[in-house]
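Visitor: run_27.cif is reproduced below (mmCIF, C-alpha atoms).
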data_entry
#
loop_
_atom_site.group_PDB
_atom_site.id
_atom_site.type_symbol
_atom_site.label_atom_id
_atom_site.label_comp_id
_atom_site.auth_asym_id
_atom_site.auth_seq_id
_atom_site.Cartn_x
_atom_site.Cartn_y
_atom_site.Cartn_z
ATOM 1 C CA MET A 266 56.151 1.716 -2.937
ATOM 2 C CA GLY A 267 53.508 1.787 -0.184
ATOM 3 C CA ASP A 268 49.792 2.254 -0.646
ATOM 4 C CA PRO A 269 49.136 6.024 -0.880
ATOM 5 C CA ARG A 270 45.977 5.481 1.158
ATOM 6 C CA GLY A 271 48.091 4.580 4.153
ATOM 7 C CA SER A 272 48.081 8.252 5.190
ATOM 8 C CA GLY A 273 44.336 7.971 5.931
ATOM 9 C CA SER A 274 43.321 10.371 3.140
ATOM 10 C CA PRO A 275 41.075 8.998 0.397
ATOM 11 C CA VAL A 276 42.565 8.994 -3.076
ATOM 12 C CA THR A 277 39.237 8.351 -4.773
ATOM 13 C CA PRO A 278 36.887 11.358 -4.827
ATOM 14 C CA LEU A 279 33.423 11.381 -3.315
ATOM 15 C CA LEU A 280 30.466 12.372 -5.484
ATOM 16 C CA VAL A 281 27.293 13.485 -3.704
ATOM 17 C CA ALA A 282 24.358 13.650 -6.121
ATOM 18 C CA CYS A 283 21.158 15.582 -5.406
ATOM 19 C CA ALA A 284 18.272 16.738 -7.574
ATOM 20 C CA LEU A 285 17.274 20.220 -6.450
ATOM 21 C CA GLY A 286 19.034 23.545 -6.167
ATOM 22 C CA ILE A 287 17.931 23.903 -2.545
ATOM 23 C CA GLU A 288 19.500 20.508 -1.751
ATOM 24 C CA GLN A 289 22.750 21.531 -3.423
ATOM 25 C CA VAL A 290 22.788 24.795 -1.450
ATOM 26 C CA ALA A 291 22.282 22.900 1.801
ATOM 27 C CA LEU A 292 25.026 20.386 1.072
ATOM 28 C CA ARG A 293 27.490 23.023 -0.096
ATOM 29 C CA SER A 294 26.804 25.514 2.698
ATOM 30 C CA GLY A 295 26.999 23.074 5.588
ATOM 31 C CA ARG A 296 29.963 22.313 7.772
ATOM 32 C CA GLY A 297 32.875 21.472 5.551
ATOM 33 C CA ALA A 298 34.826 18.241 5.387
ATOM 34 C CA PRO A 299 38.368 17.591 4.211
ATOM 35 C CA GLY A 300 38.982 15.640 1.066
ATOM 36 C CA PRO A 301 37.823 15.710 -2.543
ATOM 37 C CA VAL A 302 34.026 16.041 -2.356
ATOM 38 C CA ARG A 303 31.912 17.107 -5.331
ATOM 39 C CA VAL A 304 28.218 17.965 -5.055
ATOM 40 C CA LEU A 305 26.334 17.370 -8.301
ATOM 41 C CA ARG A 306 22.878 18.728 -9.023
ATOM 42 C CA THR A 307 21.260 16.244 -11.381
ATOM 43 C CA GLY A 308 17.827 17.741 -11.904
ATOM 44 C CA MET A 309 14.544 16.083 -10.964
ATOM 45 C CA GLY A 310 13.515 12.564 -11.880
ATOM 46 C CA PRO A 311 15.262 9.267 -12.605
ATOM 47 C CA ARG A 312 16.110 10.004 -16.228
ATOM 48 C CA ALA A 313 17.782 13.306 -15.319
ATOM 49 C CA ALA A 314 19.740 11.565 -12.557
ATOM 50 C CA GLU A 315 20.911 8.829 -14.918
ATOM 51 C CA ALA A 316 22.112 11.317 -17.522
ATOM 52 C CA ALA A 317 23.923 13.637 -15.094
ATOM 53 C CA VAL A 318 25.674 10.843 -13.189
ATOM 54 C CA ALA A 319 26.686 9.075 -16.411
ATOM 55 C CA ARG A 320 28.280 12.279 -17.713
ATOM 56 C CA LEU A 321 30.264 12.920 -14.562
ATOM 57 C CA LEU A 322 31.484 9.332 -14.214
ATOM 58 C CA GLY A 323 32.512 9.214 -17.872
ATOM 59 C CA PRO A 324 35.749 10.333 -19.542
ATOM 60 C CA GLY A 325 36.901 13.725 -18.328
ATOM 61 C CA GLY A 326 34.871 13.474 -15.134
ATOM 62 C CA VAL A 327 35.490 11.553 -11.923
ATOM 63 C CA PRO A 328 35.211 7.950 -13.151
ATOM 64 C CA ASP A 329 36.432 6.311 -9.925
ATOM 65 C CA ALA A 330 34.288 8.294 -7.476
ATOM 66 C CA ALA A 331 32.375 6.745 -4.613
ATOM 67 C CA VAL A 332 28.756 7.904 -4.887
ATOM 68 C CA ILE A 333 26.143 8.991 -2.353
ATOM 69 C CA ALA A 334 22.639 9.942 -3.453
ATOM 70 C CA SER A 335 21.280 12.561 -1.062
ATOM 71 C CA GLY A 336 18.645 15.232 -0.608
ATOM 72 C CA PHE A 337 15.060 15.118 0.622
ATOM 73 C CA CYS A 338 12.560 12.258 0.587
ATOM 74 C CA ALA A 339 9.035 11.362 1.599
ATOM 75 C CA GLY A 340 8.827 9.144 4.647
ATOM 76 C CA LEU A 341 6.500 6.160 4.428
ATOM 77 C CA ALA A 342 6.580 4.716 7.943
ATOM 78 C CA PRO A 343 4.160 5.876 10.646
ATOM 79 C CA GLY A 344 5.855 8.033 13.256
ATOM 80 C CA MET A 345 8.366 9.608 10.890
ATOM 81 C CA HIS A 346 8.884 13.359 11.197
ATOM 82 C CA PRO A 347 10.452 16.055 9.012
ATOM 83 C CA GLY A 348 14.166 16.171 9.765
ATOM 84 C CA ASP A 349 14.487 12.417 10.367
ATOM 85 C CA LEU A 350 17.284 10.723 8.428
ATOM 86 C CA VAL A 351 16.937 7.713 6.136
ATOM 87 C CA VAL A 352 19.974 5.543 5.383
ATOM 88 C CA ALA A 353 19.129 3.059 2.649
ATOM 89 C CA GLU A 354 20.067 -0.581 2.990
ATOM 90 C CA GLU A 355 19.131 -0.882 -0.673
ATOM 91 C CA THR A 356 17.450 1.197 -3.345
ATOM 92 C CA ARG A 357 14.599 -0.157 -5.472
ATOM 93 C CA ASP A 358 12.721 0.803 -8.586
ATOM 94 C CA ALA A 359 11.162 -0.805 -11.635
ATOM 95 C CA ASP A 360 14.638 -1.570 -13.015
ATOM 96 C CA GLY A 361 15.814 -3.577 -10.011
ATOM 97 C CA THR A 362 17.467 -3.416 -6.595
ATOM 98 C CA THR A 363 20.865 -1.962 -5.682
ATOM 99 C CA PRO A 364 22.479 -2.938 -2.352
ATOM 100 C CA CYS A 365 24.151 -0.076 -0.511
ATOM 101 C CA THR A 366 27.653 -0.081 0.960
ATOM 102 C CA GLY A 367 28.567 0.571 4.576
ATOM 103 C CA THR A 368 25.110 1.316 5.955
ATOM 104 C CA GLY A 369 26.231 0.733 9.538
ATOM 105 C CA VAL A 370 29.179 3.097 9.144
ATOM 106 C CA LEU A 371 26.881 5.820 7.846
ATOM 107 C CA VAL A 372 24.348 5.342 10.639
ATOM 108 C CA ALA A 373 27.072 5.638 13.277
ATOM 109 C CA ALA A 374 28.620 8.700 11.621
ATOM 110 C CA LEU A 375 25.281 10.474 11.243
ATOM 111 C CA THR A 376 24.345 9.699 14.841
ATOM 112 C CA ARG A 377 27.550 11.384 15.979
ATOM 113 C CA ALA A 378 27.112 14.335 13.610
ATOM 114 C CA LEU A 379 23.437 14.901 14.475
ATOM 115 C CA PRO A 380 22.834 13.768 18.058
ATOM 116 C CA GLY A 381 19.156 13.487 18.880
ATOM 117 C CA ARG A 382 18.031 13.016 15.273
ATOM 118 C CA ARG A 383 16.303 9.746 14.426
ATOM 119 C CA VAL A 384 18.034 7.625 11.799
ATOM 120 C CA HIS A 385 15.890 5.035 9.972
ATOM 121 C CA THR A 386 17.336 2.185 7.912
ATOM 122 C CA GLY A 387 15.632 0.017 5.327
ATOM 123 C CA PRO A 388 14.750 -0.088 1.619
ATOM 124 C CA LEU A 389 14.452 3.243 -0.195
ATOM 125 C CA THR A 390 12.147 3.004 -3.190
ATOM 126 C CA GLY A 391 12.103 5.117 -6.326
ATOM 127 C CA SER A 392 9.296 6.812 -8.218
ATOM 128 C CA ASP A 393 9.081 8.967 -11.322
ATOM 129 C CA HIS A 394 6.531 11.301 -9.701
ATOM 130 C CA VAL A 395 5.597 12.802 -6.341
ATOM 131 C CA VAL A 396 3.877 10.156 -4.212
ATOM 132 C CA ARG A 397 0.916 10.958 -1.981
ATOM 133 C CA GLY A 398 -2.030 9.356 -0.214
ATOM 134 C CA PRO A 399 -2.978 5.766 -1.085
ATOM 135 C CA GLU A 400 0.066 5.283 -3.321
ATOM 136 C CA ARG A 401 2.311 6.062 -0.358
ATOM 137 C CA ALA A 402 0.528 3.391 1.705
ATOM 138 C CA ALA A 403 1.023 0.853 -1.086
ATOM 139 C CA LEU A 404 4.747 1.528 -1.192
ATOM 140 C CA ARG A 405 4.944 1.119 2.564
ATOM 141 C CA ALA A 406 3.207 -2.255 2.239
ATOM 142 C CA SER A 407 6.038 -3.353 -0.065
ATOM 143 C CA GLY A 408 8.495 -2.909 2.823
ATOM 144 C CA ALA A 409 10.001 0.429 1.794
ATOM 145 C CA ILE A 410 10.512 3.056 4.496
ATOM 146 C CA ALA A 411 10.876 6.113 2.217
ATOM 147 C CA VAL A 412 10.548 7.190 -1.406
ATOM 148 C CA ASP A 413 12.343 9.660 -3.665
ATOM 149 C CA MET A 414 12.761 10.124 -7.396
ATOM 150 C CA GLU A 415 16.516 9.903 -7.991
ATOM 151 C CA SER A 416 18.391 7.626 -5.561
ATOM 152 C CA ALA A 417 17.736 4.280 -7.273
ATOM 153 C CA ALA A 418 18.645 5.660 -10.702
ATOM 154 C CA THR A 419 21.755 7.384 -9.329
ATOM 155 C CA LEU A 420 23.193 4.272 -7.672
ATOM 156 C CA ARG A 421 22.313 1.928 -10.530
ATOM 157 C CA THR A 422 23.970 4.257 -13.042
ATOM 158 C CA ALA A 423 27.044 4.614 -10.839
ATOM 159 C CA LEU A 424 27.555 0.839 -10.727
ATOM 160 C CA CYS A 425 27.008 0.574 -14.475
ATOM 161 C CA HIS A 426 30.185 2.637 -14.782
ATOM 162 C CA GLY A 427 32.258 0.295 -12.640
ATOM 163 C CA PRO A 428 32.427 -1.161 -9.121
ATOM 164 C CA ARG A 429 32.514 1.442 -6.337
ATOM 165 C CA PRO A 430 31.005 2.150 -2.901
ATOM 166 C CA VAL A 431 27.464 3.524 -3.228
ATOM 167 C CA ALA A 432 24.997 4.744 -0.626
ATOM 168 C CA ALA A 433 21.828 6.782 -0.259
ATOM 169 C CA VAL A 434 21.084 9.142 2.630
ATOM 170 C CA ARG A 435 17.915 11.195 2.604
ATOM 171 C CA VAL A 436 16.279 13.657 4.970
ATOM 172 C CA VAL A 437 12.544 13.271 5.491
ATOM 173 C CA VAL A 438 10.794 16.442 4.349
ATOM 174 C CA ASP A 439 7.289 15.091 4.656
ATOM 175 C CA ALA A 440 5.699 12.015 6.185
ATOM 176 C CA PRO A 441 2.261 10.394 6.450
ATOM 177 C CA GLU A 442 1.184 12.674 9.290
ATOM 178 C CA HIS A 443 3.166 15.703 8.065
ATOM 179 C CA GLU A 444 2.565 16.198 4.338
ATOM 180 C CA LEU A 445 4.447 19.139 2.897
ATOM 181 C CA VAL A 446 2.995 21.195 0.062
ATOM 182 C CA ARG A 447 6.088 23.223 -0.801
ATOM 183 C CA ILE A 448 9.651 22.990 0.528
ATOM 184 C CA GLY A 449 10.685 25.920 2.683
ATOM 185 C CA THR A 450 7.202 27.290 3.351
ATOM 186 C CA VAL A 451 6.553 25.404 6.594
ATOM 187 C CA ARG A 452 8.560 24.390 9.622
ATOM 188 C CA GLY A 453 9.095 20.831 8.354
ATOM 189 C CA GLY A 454 10.879 22.003 5.223
ATOM 190 C CA ILE A 455 13.128 24.327 7.188
ATOM 191 C CA SER A 456 13.994 21.560 9.653
ATOM 192 C CA ALA A 457 14.917 19.177 6.824
ATOM 193 C CA PHE A 458 17.104 21.858 5.207
ATOM 194 C CA ARG A 459 19.031 22.390 8.441
ATOM 195 C CA VAL A 460 19.623 18.666 8.850
ATOM 196 C CA LEU A 461 20.861 18.329 5.269
ATOM 197 C CA ARG A 462 23.389 21.091 5.947
ATOM 198 C CA ALA A 463 24.990 18.947 8.663
ATOM 199 C CA VAL A 464 25.493 15.603 6.889
ATOM 200 C CA LEU A 465 28.644 16.184 4.847
ATOM 201 C CA PRO A 466 31.196 15.356 7.585
ATOM 202 C CA ALA A 467 29.424 12.019 8.126
ATOM 203 C CA PHE A 468 29.606 11.325 4.392
ATOM 204 C CA TYR A 469 33.330 11.947 4.454
ATOM 205 C CA GLU A 470 33.756 9.628 7.443
ATOM 206 C CA TRP A 471 31.948 6.870 5.494
ATOM 207 C CA HIS A 472 34.088 7.532 2.431
ATOM 208 C CA ARG A 473 37.351 7.469 4.338
ATOM 209 C CA SER A 474 36.487 4.341 6.347
ATOM 210 C CA LEU A 475 35.671 2.343 3.228
ATOM 211 C CA LEU A 476 38.840 3.389 1.409
ATOM 212 C CA LEU A 477 41.313 2.885 4.230
ATOM 213 C CA PRO A 478 43.487 -0.227 3.831
ATOM 214 C CA ARG A 479 42.296 -3.176 5.920
ATOM 215 C CA ARG A 480 44.664 -4.346 8.657
#
For the structure just supplied, provide its representation as structure tokens.

Guide:
Amino acid sequence: MGDPRGSGSPVTPLLVACALGIEQVALRSGRGAPGPVRVLRTGMGPRAAEAAVARLLGPGGVPDAAVIASGFCAGLAPGMHPGDLVVAEETRDADGTTPCTGTGVLVAALTRALPGRRVHTGPLTGSDHVVRGPERAALRASGAIAVDMESAATLRTALCHGPRPVAAVRVVVDAPEHELVRIGTVRGGISAFRVLRAVLPAFYEWHRSLLLPRR
């Protein structure tokens, strides 16, 4: 019997994990993609992300799913703007570092899906609280290009439940020169929301490319 993946359709589902309701709305209401894609709202913070992802990858869930952590983030590098994309090469937090899978594939897919949008690659660091001011500068000095509260916990938990492709793609909602007080109340938040609506087809392209049989 041949490999069922030979048709080009992934057998393994794709799980996209985000923290906030507004992120889930953006991801679900954007341009659709074929294939089994599930968008999970985990709730805010690393502990909430760990618990939600562990439940869904456990018995009765989708234990074999590839996992992408997505949603909004704070940019750390000078020159970043709301609506820029961040593709993590690795995620970091106090519990360690998780390498990401297929970063180059994601960058290429997002560039095609969102022509004209800047895509940044590098380490994505985690925090258990909103980061501002001097703390943001300190994280930048560590080499990180962006920070969020859930990505590191999401990917680490996913790999604790078995080997699988994992990635993190975030949309910058505020940056050193463009701090955002509340999502959706200023132009930067609206721009980031629109970008997040357009990423799902690129996620599916990443998923499919990693699961296709190698020739």

Visitor: Once you count only C-alpha atoms, which residues end up no further than 12 Å from (15.1, 15.2, 5.6) in the file's frame, shown as a CSV table (one decimal) with C-alpha atoms, in the frame of the given file?

Guide:
chain,number,residue,atom,x,y,z
A,288,GLU,CA,19.5,20.5,-1.8
A,291,ALA,CA,22.3,22.9,1.8
A,335,SER,CA,21.3,12.6,-1.1
A,336,GLY,CA,18.6,15.2,-0.6
A,337,PHE,CA,15.1,15.1,0.6
A,338,CYS,CA,12.6,12.3,0.6
A,339,ALA,CA,9.0,11.4,1.6
A,340,GLY,CA,8.8,9.1,4.6
A,345,MET,CA,8.4,9.6,10.9
A,346,HIS,CA,8.9,13.4,11.2
A,347,PRO,CA,10.5,16.1,9.0
A,348,GLY,CA,14.2,16.2,9.8
A,349,ASP,CA,14.5,12.4,10.4
A,350,LEU,CA,17.3,10.7,8.4
A,351,VAL,CA,16.9,7.7,6.1
A,352,VAL,CA,20.0,5.5,5.4
A,382,ARG,CA,18.0,13.0,15.3
A,383,ARG,CA,16.3,9.7,14.4
A,384,VAL,CA,18.0,7.6,11.8
A,385,HIS,CA,15.9,5.0,10.0
A,411,ALA,CA,10.9,6.1,2.2
A,412,VAL,CA,10.5,7.2,-1.4
A,413,ASP,CA,12.3,9.7,-3.7
A,434,VAL,CA,21.1,9.1,2.6
A,435,ARG,CA,17.9,11.2,2.6
A,436,VAL,CA,16.3,13.7,5.0
A,437,VAL,CA,12.5,13.3,5.5
A,438,VAL,CA,10.8,16.4,4.3
A,439,ASP,CA,7.3,15.1,4.7
A,440,ALA,CA,5.7,12.0,6.2
A,445,LEU,CA,4.4,19.1,2.9
A,448,ILE,CA,9.7,23.0,0.5
A,449,GLY,CA,10.7,25.9,2.7
A,452,ARG,CA,8.6,24.4,9.6
A,453,GLY,CA,9.1,20.8,8.4
A,454,GLY,CA,10.9,22.0,5.2
A,455,ILE,CA,13.1,24.3,7.2
A,456,SER,CA,14.0,21.6,9.7
A,457,ALA,CA,14.9,19.2,6.8
A,458,PHE,CA,17.1,21.9,5.2
A,459,ARG,CA,19.0,22.4,8.4
A,460,VAL,CA,19.6,18.7,8.8
A,461,LEU,CA,20.9,18.3,5.3
A,462,ARG,CA,23.4,21.1,5.9
A,463,ALA,CA,25.0,18.9,8.7
A,464,VAL,CA,25.5,15.6,6.9

Visitor: For Thr362 in chain A, list every protein, DNA or RNA residue within 10 Å, evaluated using all atoms listed in the file, and leave out those in the same chain fewer than 2 positions away; present the list as a PyMOL selection string.

Guide: chain A and resi 355-360+364-365+388-390+417+420-421

Visitor: Of the residues A:Leu285, A:Leu475, A:Leu292, A:Ile410, which is the one nearest to Thr366 in chain A, using all atoms listed in the file?

Guide: A:Leu475

Visitor: With only C-alpha atoms as the atoms that count, which of A:Leu305, A:Ala423, A:Ala342, A:Ala334 lies nearest to Leu404 in chain A?

Guide: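 Ranking A:Leu305, A:Ala423, A:Ala342, A:Ala334 by distance to Leu404 in chain A, first place goes to A:Ala342.
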
Visitor: Could I get the residues of range 370-446 of chain A with an atom no further than 12 Å from an atom of range 312-333 of chain A, each paired with its nearest atom pair and that distance in Å to one decimal, using all atoms listed in the file, sorted by chain and residue number, as a Markdown table?

Guide:
| residue | atom | partner | partner_atom | distance |
| --- | --- | --- | --- | --- |
| A:Leu371 | CA | A:Ile333 | CA | 10.7 |
| A:Gly391 | CA | A:Arg312 | CA | 11.7 |
| A:Ser392 | CA | A:Arg312 | CA | 11.0 |
| A:Asp393 | CA | A:Arg312 | CA | 8.6 |
| A:His394 | CA | A:Arg312 | CA | 11.7 |
| A:Asp413 | CA | A:Ala314 | CA | 11.7 |
| A:Met414 | CA | A:Ala314 | CA | 8.8 |
| A:Glu415 | CA | A:Ala314 | CA | 5.8 |
| A:Ser416 | CA | A:Ala314 | CA | 8.1 |
| A:Ala417 | CA | A:Ala314 | CA | 9.2 |
| A:Ala418 | CA | A:Glu315 | CA | 5.7 |
| A:Thr419 | CA | A:Ala314 | CA | 5.7 |
| A:Leu420 | CA | A:Val332 | CA | 7.2 |
| A:Arg421 | CA | A:Glu315 | CA | 8.3 |
| A:Thr422 | CA | A:Glu315 | CA | 5.8 |
| A:Ala423 | CA | A:Val318 | CA | 6.8 |
| A:Leu424 | CA | A:Val332 | CA | 9.2 |
| A:Cys425 | CA | A:Ala319 | CA | 8.7 |
| A:His426 | CA | A:Leu322 | CA | 6.8 |
| A:Gly427 | CA | A:Asp329 | CA | 7.8 |
| A:Pro428 | CA | A:Asp329 | CA | 8.5 |
| A:Arg429 | CA | A:Ala331 | CA | 5.6 |
| A:Pro430 | CA | A:Ala331 | CA | 5.1 |
| A:Val431 | CA | A:Val332 | CA | 4.9 |
| A:Ala432 | CA | A:Ile333 | CA | 4.7 |
| A:Ala433 | CA | A:Ile333 | CA | 5.3 |
| A:Val434 | CA | A:Ile333 | CA | 7.1 |
| A:Arg435 | CA | A:Ile333 | CA | 9.9 |

Visitor: Okay, now the selection with C-alpha atoms, as a compact mmCIF listing (two decimals), keeping the file's coordinate frame?

Guide:
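Contents of the output file part.txt:
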# COMPACT_ATOMS: atom_id res chain seq x y z
CA LEU A 371 26.88 5.82 7.85
CA GLY A 391 12.10 5.12 -6.33
CA SER A 392 9.30 6.81 -8.22
CA ASP A 393 9.08 8.97 -11.32
CA HIS A 394 6.53 11.30 -9.70
CA ASP A 413 12.34 9.66 -3.66
CA MET A 414 12.76 10.12 -7.40
CA GLU A 415 16.52 9.90 -7.99
CA SER A 416 18.39 7.63 -5.56
CA ALA A 417 17.74 4.28 -7.27
CA ALA A 418 18.64 5.66 -10.70
CA THR A 419 21.76 7.38 -9.33
CA LEU A 420 23.19 4.27 -7.67
CA ARG A 421 22.31 1.93 -10.53
CA THR A 422 23.97 4.26 -13.04
CA ALA A 423 27.04 4.61 -10.84
CA LEU A 424 27.56 0.84 -10.73
CA CYS A 425 27.01 0.57 -14.48
CA HIS A 426 30.18 2.64 -14.78
CA GLY A 427 32.26 0.30 -12.64
CA PRO A 428 32.43 -1.16 -9.12
CA ARG A 429 32.51 1.44 -6.34
CA PRO A 430 31.00 2.15 -2.90
CA VAL A 431 27.46 3.52 -3.23
CA ALA A 432 25.00 4.74 -0.63
CA ALA A 433 21.83 6.78 -0.26
CA VAL A 434 21.08 9.14 2.63
CA ARG A 435 17.92 11.20 2.60

Visitor: Let me make sure I understand: among A:Gly286, A:Ser294, A:Val370, A:Pro343, which one has the smallest atom-to-atom distance to His472 in chain A if we use all atoms listed in the file?

Guide: A:Val370

Visitor: Can you work out which one of A:Ser407, A:Thr376, A:Thr386, A:Gln289 has the shortest atom-to-atom distance to Arg303 in chain A, counting only C-alpha atoms?

Guide: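 Of all the options, A:Gln289 lies closest to Arg303 in chain A.
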
Visitor: Quick one: pull the distance between CA of Leu341 in chain A and CA of Val372 in chain A, Å, one decimal.

Guide: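 About the pair CA of Leu341 in chain A and CA of Val372 in chain A: they are 18.9 Å apart.
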
Visitor: Can you measure CA of Ala284 in chain A to CA of Ala373 in chain A for me? One decimal in Å is fine.

Guide: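 Separating CA of Ala284 in chain A from CA of Ala373 in chain A is a distance of 25.2 Å.
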
Visitor: Find the distance between CA of Ala282 in chain A and CA of Ala353 in chain A and write it in Å to one decimal.

Guide: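 CA of Ala353 in chain A lies 14.7 Å from CA of Ala282 in chain A.
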
Visitor: Once you add 4 Å to each side, what are the centre and edge lengths of the axis-aligned box holding all listed atoms of range 386-389 of chain A? One decimal in Å, as lines of an AutoDock Vina configuration file, if you can.

Guide:
center_x = 15.9
center_y = 1.6
center_z = 3.9
size_x = 10.9
size_y = 11.3
size_z = 16.1
